[in-house]
$ cat data24.txt   # compact mmCIF, C-alpha atoms and all ligand atoms
# COMPACT_ATOMS: atom_id res chain seq x y z
CA MET A 19 -65.97 -127.30 31.78
CA ARG A 20 -63.94 -124.12 31.42
CA LYS A 21 -65.57 -120.69 31.51
CA ASN A 22 -64.45 -118.13 28.90
CA PHE A 23 -63.95 -114.55 30.11
CA GLY A 24 -62.87 -112.95 26.82
CA ALA A 25 -59.82 -110.74 26.28
CA LYS A 26 -58.75 -109.40 29.68
CA PRO A 27 -55.43 -108.09 31.06
CA TRP A 28 -55.36 -110.88 33.61
CA THR A 29 -52.35 -112.86 34.77
CA TYR A 30 -51.24 -114.19 38.13
CA PRO A 31 -49.21 -112.83 39.71
CA GLN A 32 -49.16 -109.18 38.65
CA PRO A 33 -46.58 -107.00 40.35
CA VAL A 34 -47.23 -103.91 42.43
CA PHE A 35 -44.39 -101.68 41.27
CA ILE A 36 -44.04 -98.23 42.78
CA ILE A 37 -42.27 -96.06 40.22
CA ALA A 38 -40.57 -92.99 41.65
CA THR A 39 -39.30 -89.99 39.70
CA TYR A 40 -38.23 -86.36 40.02
CA ASP A 41 -39.91 -83.61 38.02
CA GLU A 42 -37.99 -80.81 36.33
CA ASP A 43 -37.82 -78.88 39.65
CA GLY A 44 -36.62 -81.90 41.63
CA ILE A 45 -40.00 -82.61 43.27
CA PRO A 46 -40.49 -86.36 43.78
CA ASP A 47 -43.54 -88.30 42.54
CA ALA A 48 -44.52 -91.97 42.63
CA MET A 49 -47.17 -94.13 40.95
CA ASN A 50 -48.42 -97.70 41.16
CA ALA A 51 -47.95 -99.96 38.10
CA ALA A 52 -49.08 -103.54 37.62
CA TRP A 53 -48.42 -103.91 33.92
CA GLY A 54 -44.72 -104.64 33.78
CA GLY A 55 -41.95 -107.17 34.18
CA ILE A 56 -38.40 -108.16 33.39
CA SER A 57 -37.78 -108.20 29.63
CA ASP A 58 -34.04 -108.92 29.45
CA ASP A 59 -31.05 -109.51 31.77
CA THR A 60 -30.80 -105.82 32.60
CA GLN A 61 -34.10 -104.48 31.28
CA ILE A 62 -37.57 -103.89 32.63
CA ALA A 63 -40.61 -103.19 30.41
CA MET A 64 -43.79 -101.43 31.51
CA CYS A 65 -46.97 -100.07 30.02
CA LEU A 66 -47.33 -96.49 31.31
CA SER A 67 -49.98 -94.05 30.09
CA ALA A 68 -48.53 -90.87 28.61
CA GLY A 69 -50.76 -88.57 30.69
CA HIS A 70 -49.20 -89.62 34.00
CA LYS A 71 -46.92 -87.10 35.68
CA THR A 72 -44.52 -90.00 36.16
CA VAL A 73 -44.08 -90.40 32.41
CA LYS A 74 -43.46 -86.67 31.93
CA ASN A 75 -40.86 -86.87 34.71
CA ILE A 76 -39.14 -89.92 33.22
CA LEU A 77 -38.91 -88.21 29.83
CA ALA A 78 -37.54 -85.06 31.47
CA ARG A 79 -34.94 -86.75 33.72
CA GLY A 80 -34.27 -90.03 31.86
CA ALA A 81 -34.50 -92.13 35.01
CA PHE A 82 -36.79 -93.78 37.57
CA THR A 83 -36.74 -96.29 40.41
CA VAL A 84 -39.05 -99.28 40.81
CA SER A 85 -39.76 -100.25 44.41
CA MET A 86 -41.61 -103.41 45.39
CA ALA A 87 -44.82 -102.53 47.22
CA ASP A 88 -44.99 -104.36 50.54
CA ALA A 89 -47.67 -105.46 52.99
CA ALA A 90 -46.67 -102.78 55.51
CA HIS A 91 -47.49 -99.94 53.07
CA VAL A 92 -50.62 -101.11 51.20
CA THR A 93 -52.63 -97.91 51.80
CA ALA A 94 -49.85 -95.57 50.67
CA CYS A 95 -49.05 -97.77 47.65
CA ASP A 96 -52.69 -97.77 46.57
CA TYR A 97 -52.98 -94.01 47.17
CA VAL A 98 -50.15 -93.23 44.74
CA GLY A 99 -52.07 -95.31 42.17
CA ILE A 100 -55.34 -93.38 42.46
CA VAL A 101 -54.12 -89.78 42.78
CA SER A 102 -51.96 -87.95 40.22
CA ALA A 103 -49.25 -85.42 40.94
CA ASN A 104 -50.78 -83.53 38.01
CA ASP A 105 -53.60 -82.68 40.47
CA VAL A 106 -51.94 -83.12 43.89
CA PRO A 107 -48.29 -82.00 43.73
CA GLU A 108 -47.72 -82.89 47.42
CA LYS A 109 -48.88 -86.46 46.74
CA LEU A 110 -45.82 -88.19 48.24
CA GLU A 111 -46.06 -86.19 51.45
CA LYS A 112 -49.74 -87.16 51.74
CA ALA A 113 -48.80 -90.81 51.18
CA GLY A 114 -46.33 -90.55 54.07
CA PHE A 115 -43.41 -91.48 51.82
CA ASN A 116 -39.95 -89.92 52.21
CA THR A 117 -37.28 -90.10 49.53
CA THR A 118 -33.50 -90.17 49.12
CA GLN A 119 -31.71 -89.54 45.81
CA SER A 120 -30.43 -92.74 44.18
CA GLU A 121 -26.62 -92.95 43.98
CA PHE A 122 -26.91 -94.46 40.52
CA VAL A 123 -29.64 -92.64 38.60
CA ASP A 124 -31.37 -89.25 38.60
CA ALA A 125 -34.41 -90.49 40.53
CA PRO A 126 -35.55 -90.87 44.15
CA LEU A 127 -35.65 -94.02 46.26
CA ILE A 128 -38.63 -94.34 48.60
CA ASP A 129 -37.19 -94.72 52.11
CA GLU A 130 -40.14 -96.75 53.43
CA LEU A 131 -39.99 -99.42 50.65
CA PRO A 132 -36.93 -101.61 51.28
CA MET A 133 -36.18 -103.02 47.79
CA ALA A 134 -35.86 -101.15 44.51
CA LEU A 135 -34.49 -101.31 40.98
CA GLU A 136 -32.68 -98.15 39.88
CA CYS A 137 -33.23 -97.59 36.17
CA ARG A 138 -32.26 -95.41 33.24
CA LEU A 139 -34.76 -94.74 30.44
CA VAL A 140 -34.01 -96.70 27.27
CA SER A 141 -37.15 -95.90 25.26
CA TYR A 142 -40.77 -94.82 25.51
CA ASP A 143 -43.43 -95.10 22.82
CA GLU A 144 -46.40 -92.85 23.55
CA GLU A 145 -48.78 -94.70 21.23
CA SER A 146 -48.28 -98.17 22.73
CA CYS A 147 -47.40 -96.77 26.21
CA ARG A 148 -44.37 -99.10 26.26
CA LEU A 149 -41.49 -97.99 28.39
CA ILE A 150 -38.18 -99.83 28.57
CA GLY A 151 -35.67 -99.15 31.32
CA GLU A 152 -32.10 -100.35 31.87
CA ILE A 153 -31.61 -101.74 35.37
CA VAL A 154 -28.46 -100.03 36.63
CA ASN A 155 -28.63 -101.27 40.23
CA VAL A 156 -30.79 -103.20 42.67
CA SER A 157 -30.68 -102.06 46.29
CA ALA A 158 -32.25 -103.44 49.46
CA GLU A 159 -32.25 -102.51 53.13
CA GLU A 160 -30.18 -104.77 55.39
CA SER A 161 -33.34 -105.38 57.42
CA ILE A 162 -34.84 -107.61 54.68
CA LEU A 163 -31.69 -109.67 54.06
CA SER A 164 -30.94 -113.18 55.31
CA ASP A 165 -27.37 -114.44 54.76
CA GLY A 166 -26.75 -111.35 52.60
CA LYS A 167 -29.58 -112.15 50.17
CA ILE A 168 -33.02 -110.56 49.73
CA ASP A 169 -35.45 -112.61 51.80
CA PRO A 170 -39.05 -112.45 50.48
CA ALA A 171 -40.33 -113.57 53.87
CA LYS A 172 -38.89 -110.36 55.36
CA LEU A 173 -39.72 -108.12 52.39
CA GLU A 174 -43.38 -109.28 52.27
CA PRO A 175 -44.00 -108.02 48.72
CA ILE A 176 -47.61 -107.76 47.60
CA ILE A 177 -49.11 -108.69 44.24
CA PHE A 178 -52.11 -107.26 42.38
CA ASP A 179 -55.11 -109.51 41.75
CA PRO A 180 -56.66 -107.92 38.62
CA VAL A 181 -59.77 -110.09 38.70
CA ASN A 182 -60.90 -109.06 42.17
CA ASN A 183 -59.07 -105.70 42.45
CA ALA A 184 -57.22 -106.88 45.50
CA TYR A 185 -53.67 -106.90 46.87
CA LEU A 186 -52.36 -110.24 48.07
CA LYS A 187 -49.30 -111.12 50.13
CA LEU A 188 -46.84 -113.56 48.57
CA GLY A 189 -47.41 -117.11 49.77
CA GLU A 190 -45.12 -119.81 51.05
CA LYS A 191 -42.28 -121.54 49.21
CA VAL A 192 -43.55 -124.65 47.38
CA GLY A 193 -40.57 -125.69 45.26
CA HIS A 194 -37.07 -125.16 43.91
CA ALA A 195 -36.71 -123.36 40.56
CA PHE A 196 -34.55 -125.02 37.86
CA LYS A 197 -34.40 -128.12 40.09
CA ASP A 198 -37.76 -129.76 40.84
CA GLY A 199 -38.42 -130.38 37.12
CA MET A 200 -35.22 -132.45 36.94
CA ALA A 201 -37.21 -135.30 38.49
CA LEU A 202 -39.05 -135.68 35.14
CA LYS A 203 -36.05 -135.14 32.84
C1 LIG A 301 -53.27 -101.43 41.22
C2 LIG A 301 -52.93 -100.34 40.22
C3 LIG A 301 -52.19 -100.66 39.10
C4 LIG A 301 -51.89 -99.68 38.16
N1 LIG A 301 -51.14 -100.03 37.05
C5 LIG A 301 -50.85 -99.08 36.12
C6 LIG A 301 -50.05 -99.44 34.99
O1 LIG A 301 -49.56 -100.56 34.86
N2 LIG A 301 -49.83 -98.47 34.07
C7 LIG A 301 -50.33 -97.19 34.19
O2 LIG A 301 -50.08 -96.36 33.30
N3 LIG A 301 -51.06 -96.82 35.28
C8 LIG A 301 -51.32 -97.74 36.26
N4 LIG A 301 -52.04 -97.38 37.37
C9 LIG A 301 -52.55 -96.00 37.49
C10 LIG A 301 -51.51 -94.98 38.02
O3 LIG A 301 -50.80 -95.48 39.13
C11 LIG A 301 -52.27 -93.70 38.42
O4 LIG A 301 -52.94 -93.16 37.28
C12 LIG A 301 -51.42 -92.65 39.11
O5 LIG A 301 -52.29 -91.72 39.71
C13 LIG A 301 -50.46 -91.88 38.18
O6 LIG A 301 -49.77 -90.95 39.00
P1 LIG A 301 -48.91 -89.73 38.42
O7 LIG A 301 -49.78 -88.97 37.44
O8 LIG A 301 -48.57 -88.93 39.65
O9 LIG A 301 -47.72 -90.32 37.75
C14 LIG A 301 -52.34 -98.35 38.34
C15 LIG A 301 -53.06 -98.02 39.50
C16 LIG A 301 -53.34 -99.01 40.44
C17 LIG A 301 -54.12 -98.64 41.69
$ encode --input "data24.txt" --output "structure tokens"
Amino acid sequence: MRKNFGAKPWTYPQPVFIIATYDEDGIPDAMNAAWGGISDDTQIAMCLSAGHKTVKNILARGAFTVSMADAAHVTACDYVGIVSANDVPEKLEKAGFNTTQSEFVDAPLIDELPMALECRLVSYDEESCRLIGEIVNVSAEESILSDGKIDPAKLEPIIFDPVNNAYLKLGEKVGHAFKDGMALK
């Protein structure tokens, strides 16, 4: 027997993206976003509410970065998802996050989060909340690389569990993509 839960925004896994921006005066902000994902080779799509300071900043500066939340910074990553820079302008400072300007786009990188996408705004529709960004660069700290590649075991990204309102660490490797299915071809 299956149980029906009705229409819910539930999938596994959901990302924990930390979107960082500058406002018109160059003050950095960041927010937590679970509703998003890759939508083309060099595009990311997200559902961001128009009232967020982040959205105002993206529309003003045309750029943002998307860092992967990690297990080492759960509290700070949750904090930026429950407090708005509309109310607490020094939000990033309170979170304990420091920033450095991206070399590629007009947006900050969060120093404490070691992997990020650096993006330019393509479009935003206020009614549907849909935001599309062009991925201009992906950067990662050397400390999370193995053999020159991003190593999820070192990055320890977290995912959002929308059913239980929890953050989970990524689990172990269980297969090889584009390969294991060949056994049934
Ligand atoms: C786990 C989690 C996931 C969230 N996902 C989204 C999302 O996908 N879209 C959105 O608009 N807000 C989302 N939020 C809410 C924003 O992060 C929150 O409203 C934040 O305070 C906005 O900050 P800002 O006004 O400084 O930009 C999420 C919050 C949490 C805690």
$ residues_around --input "data24.txt" --residues "region 98-107 of chain A" --least-positions-apart "4" --cutoff "6 Å" --atoms "all atoms listed in the file" --output "mmCIF file with C-alpha atoms, keeping the file's coordinate frame"
data_model
loop_
_atom_site.group_PDB
_atom_site.id
_atom_site.type_symbol
_atom_site.label_atom_id
_atom_site.label_comp_id
_atom_site.auth_asym_id
_atom_site.auth_seq_id
_atom_site.Cartn_x
_atom_site.Cartn_y
_atom_site.Cartn_z
ATOM 1 C CA MET A 49 -47.170 -94.130 40.950
ATOM 2 C CA ASN A 50 -48.420 -97.700 41.160
ATOM 3 C CA LYS A 71 -46.920 -87.100 35.680
#
$ closest_residue --input "data24.txt" --among "A:Asp129, A:Asp143, A:Asp96, A:Glu152" --to "ligand LIG 301 (chain A)" --atoms "all atoms listed in the file"
A:Asp96
$ residues_near_ligand --input "data24.txt" --ligand "ligand LIG 301 (chain A)" --cutoff "10 Å" --atoms "all atoms listed in the file" --output "VMD selection string"
chain A and resid 32 to 39 46 to 54 64 to 76 95 to 110 147 to 148 177 to 180 183 to 185
$ atom_distance --input "data24.txt" --atom1 "CA of Ala81 (chain A)" --atom2 "CA of Ser157 (chain A)"
15.5 Å
$ atom_distance --input "data24.txt" --atom1 "CA of Met133 (chain A)" --atom2 "CA of Glu111 (chain A)"
19.9 Å
$ residues_around --input "data24.txt" --residues "Lys187 (chain A)" --least-positions-apart "2" --cutoff "7 Å" --atoms "all atoms listed in the file" --output "NGL selection string"
:A and (89 or 174-177 or 185 or 189)
$ build_atoms --input "data24.txt" --residues "region 21-32 of chain A" --atoms "all heavy atoms" --output "JSON list (two decimals), in the coordinates of the input"
[["chain", "number", "residue", "atom", "x", "y", "z"],
["A", 21, "LYS", "N", -64.78, -121.87, 31.82],
["A", 21, "LYS", "CA", -65.57, -120.69, 31.51],
["A", 21, "LYS", "C", -64.70, -119.71, 30.73],
["A", 21, "LYS", "O", -63.53, -119.51, 31.10],
["A", 21, "LYS", "CB", -66.06, -120.07, 32.83],
["A", 21, "LYS", "CG", -66.87, -118.81, 32.64],
["A", 21, "LYS", "CD", -67.49, -118.35, 33.95],
["A", 21, "LYS", "CE", -68.11, -116.99, 33.78],
["A", 21, "LYS", "NZ", -68.84, -116.55, 34.96],
["A", 22, "ASN", "N", -65.20, -119.12, 29.67],
["A", 22, "ASN", "CA", -64.45, -118.13, 28.90],
["A", 22, "ASN", "C", -64.78, -116.71, 29.38],
["A", 22, "ASN", "O", -65.95, -116.36, 29.50],
["A", 22, "ASN", "CB", -64.78, -118.26, 27.40],
["A", 22, "ASN", "CG", -64.33, -119.60, 26.86],
["A", 22, "ASN", "OD1", -63.22, -120.04, 27.16],
["A", 22, "ASN", "ND2", -65.17, -120.25, 26.10],
["A", 23, "PHE", "N", -63.74, -115.92, 29.63],
["A", 23, "PHE", "CA", -63.95, -114.55, 30.11],
["A", 23, "PHE", "C", -63.67, -113.50, 29.04],
["A", 23, "PHE", "O", -63.80, -112.30, 29.29],
["A", 23, "PHE", "CB", -63.06, -114.28, 31.33],
["A", 23, "PHE", "CG", -63.48, -115.06, 32.55],
["A", 23, "PHE", "CD1", -62.88, -116.27, 32.87],
["A", 23, "PHE", "CD2", -64.50, -114.59, 33.36],
["A", 23, "PHE", "CE1", -63.29, -116.99, 33.98],
["A", 23, "PHE", "CE2", -64.90, -115.30, 34.48],
["A", 23, "PHE", "CZ", -64.30, -116.50, 34.80],
["A", 24, "GLY", "N", -63.20, -113.92, 27.87],
["A", 24, "GLY", "CA", -62.87, -112.95, 26.82],
["A", 24, "GLY", "C", -61.49, -112.37, 27.02],
["A", 24, "GLY", "O", -60.73, -112.84, 27.87],
["A", 25, "ALA", "N", -61.16, -111.35, 26.24],
["A", 25, "ALA", "CA", -59.82, -110.74, 26.28],
["A", 25, "ALA", "C", -59.72, -109.82, 27.48],
["A", 25, "ALA", "O", -60.38, -108.78, 27.54],
["A", 25, "ALA", "CB", -59.55, -109.98, 25.00],
["A", 26, "LYS", "N", -58.92, -110.19, 28.45],
["A", 26, "LYS", "CA", -58.75, -109.40, 29.68],
["A", 26, "LYS", "C", -57.26, -109.29, 30.00],
["A", 26, "LYS", "O", -56.50, -110.21, 29.70],
["A", 26, "LYS", "CB", -59.42, -110.10, 30.88],
["A", 26, "LYS", "CG", -60.87, -110.45, 30.68],
["A", 26, "LYS", "CD", -61.75, -109.28, 31.01],
["A", 26, "LYS", "CE", -63.21, -109.68, 30.89],
["A", 26, "LYS", "NZ", -64.09, -108.52, 30.80],
["A", 27, "PRO", "N", -56.85, -108.22, 30.68],
["A", 27, "PRO", "CA", -55.43, -108.09, 31.06],
["A", 27, "PRO", "C", -55.17, -108.83, 32.37],
["A", 27, "PRO", "O", -54.74, -108.23, 33.36],
["A", 27, "PRO", "CB", -55.25, -106.58, 31.21],
["A", 27, "PRO", "CG", -56.59, -106.11, 31.69],
["A", 27, "PRO", "CD", -57.63, -107.03, 31.08],
["A", 28, "TRP", "N", -55.43, -110.11, 32.38],
["A", 28, "TRP", "CA", -55.36, -110.88, 33.61],
["A", 28, "TRP", "C", -54.22, -111.89, 33.58],
["A", 28, "TRP", "O", -54.20, -112.76, 32.70],
["A", 28, "TRP", "CB", -56.66, -111.68, 33.81],
["A", 28, "TRP", "CG", -57.88, -110.86, 34.09],
["A", 28, "TRP", "CD1", -57.93, -109.52, 34.32],
["A", 28, "TRP", "CD2", -59.23, -111.35, 34.15],
["A", 28, "TRP", "NE1", -59.23, -109.14, 34.54],
["A", 28, "TRP", "CE2", -60.05, -110.23, 34.43],
["A", 28, "TRP", "CE3", -59.81, -112.61, 33.99],
["A", 28, "TRP", "CZ2", -61.43, -110.35, 34.57],
["A", 28, "TRP", "CZ3", -61.19, -112.72, 34.13],
["A", 28, "TRP", "CH2", -61.99, -111.60, 34.42],
["A", 29, "THR", "N", -53.32, -111.79, 34.53],
["A", 29, "THR", "CA", -52.35, -112.86, 34.77],
["A", 29, "THR", "C", -52.15, -112.93, 36.28],
["A", 29, "THR", "O", -52.46, -111.98, 37.01],
["A", 29, "THR", "CB", -50.96, -112.58, 34.13],
["A", 29, "THR", "OG1", -50.46, -111.33, 34.64],
["A", 29, "THR", "CG2", -51.03, -112.53, 32.61],
["A", 30, "TYR", "N", -51.66, -114.05, 36.73],
["A", 30, "TYR", "CA", -51.24, -114.19, 38.13],
["A", 30, "TYR", "C", -49.80, -114.64, 38.15],
["A", 30, "TYR", "O", -49.47, -115.59, 37.43],
["A", 30, "TYR", "CB", -52.11, -115.24, 38.86],
["A", 30, "TYR", "CG", -53.50, -114.77, 39.18],
["A", 30, "TYR", "CD1", -54.58, -115.20, 38.42],
["A", 30, "TYR", "CD2", -53.72, -113.89, 40.23],
["A", 30, "TYR", "CE1", -55.87, -114.77, 38.72],
["A", 30, "TYR", "CE2", -55.01, -113.46, 40.53],
["A", 30, "TYR", "CZ", -56.08, -113.90, 39.77],
["A", 30, "TYR", "OH", -57.35, -113.46, 40.07],
["A", 31, "PRO", "N", -48.94, -114.04, 38.93],
["A", 31, "PRO", "CA", -49.21, -112.83, 39.71],
["A", 31, "PRO", "C", -48.98, -111.59, 38.86],
["A", 31, "PRO", "O", -48.27, -111.65, 37.87],
["A", 31, "PRO", "CB", -48.13, -112.91, 40.80],
["A", 31, "PRO", "CG", -46.97, -113.55, 40.10],
["A", 31, "PRO", "CD", -47.56, -114.52, 39.10],
["A", 32, "GLN", "N", -49.56, -110.46, 39.24],
["A", 32, "GLN", "CA", -49.16, -109.18, 38.65],
["A", 32, "GLN", "C", -48.43, -108.39, 39.74],
["A", 32, "GLN", "O", -48.83, -108.44, 40.91],
["A", 32, "GLN", "CB", -50.39, -108.40, 38.15],
["A", 32, "GLN", "CG", -50.88, -108.96, 36.82],
["A", 32, "GLN", "CD", -51.90, -108.09, 36.12],
["A", 32, "GLN", "OE1", -52.16, -106.97, 36.51],
["A", 32, "GLN", "NE2", -52.48, -108.63, 35.07]]
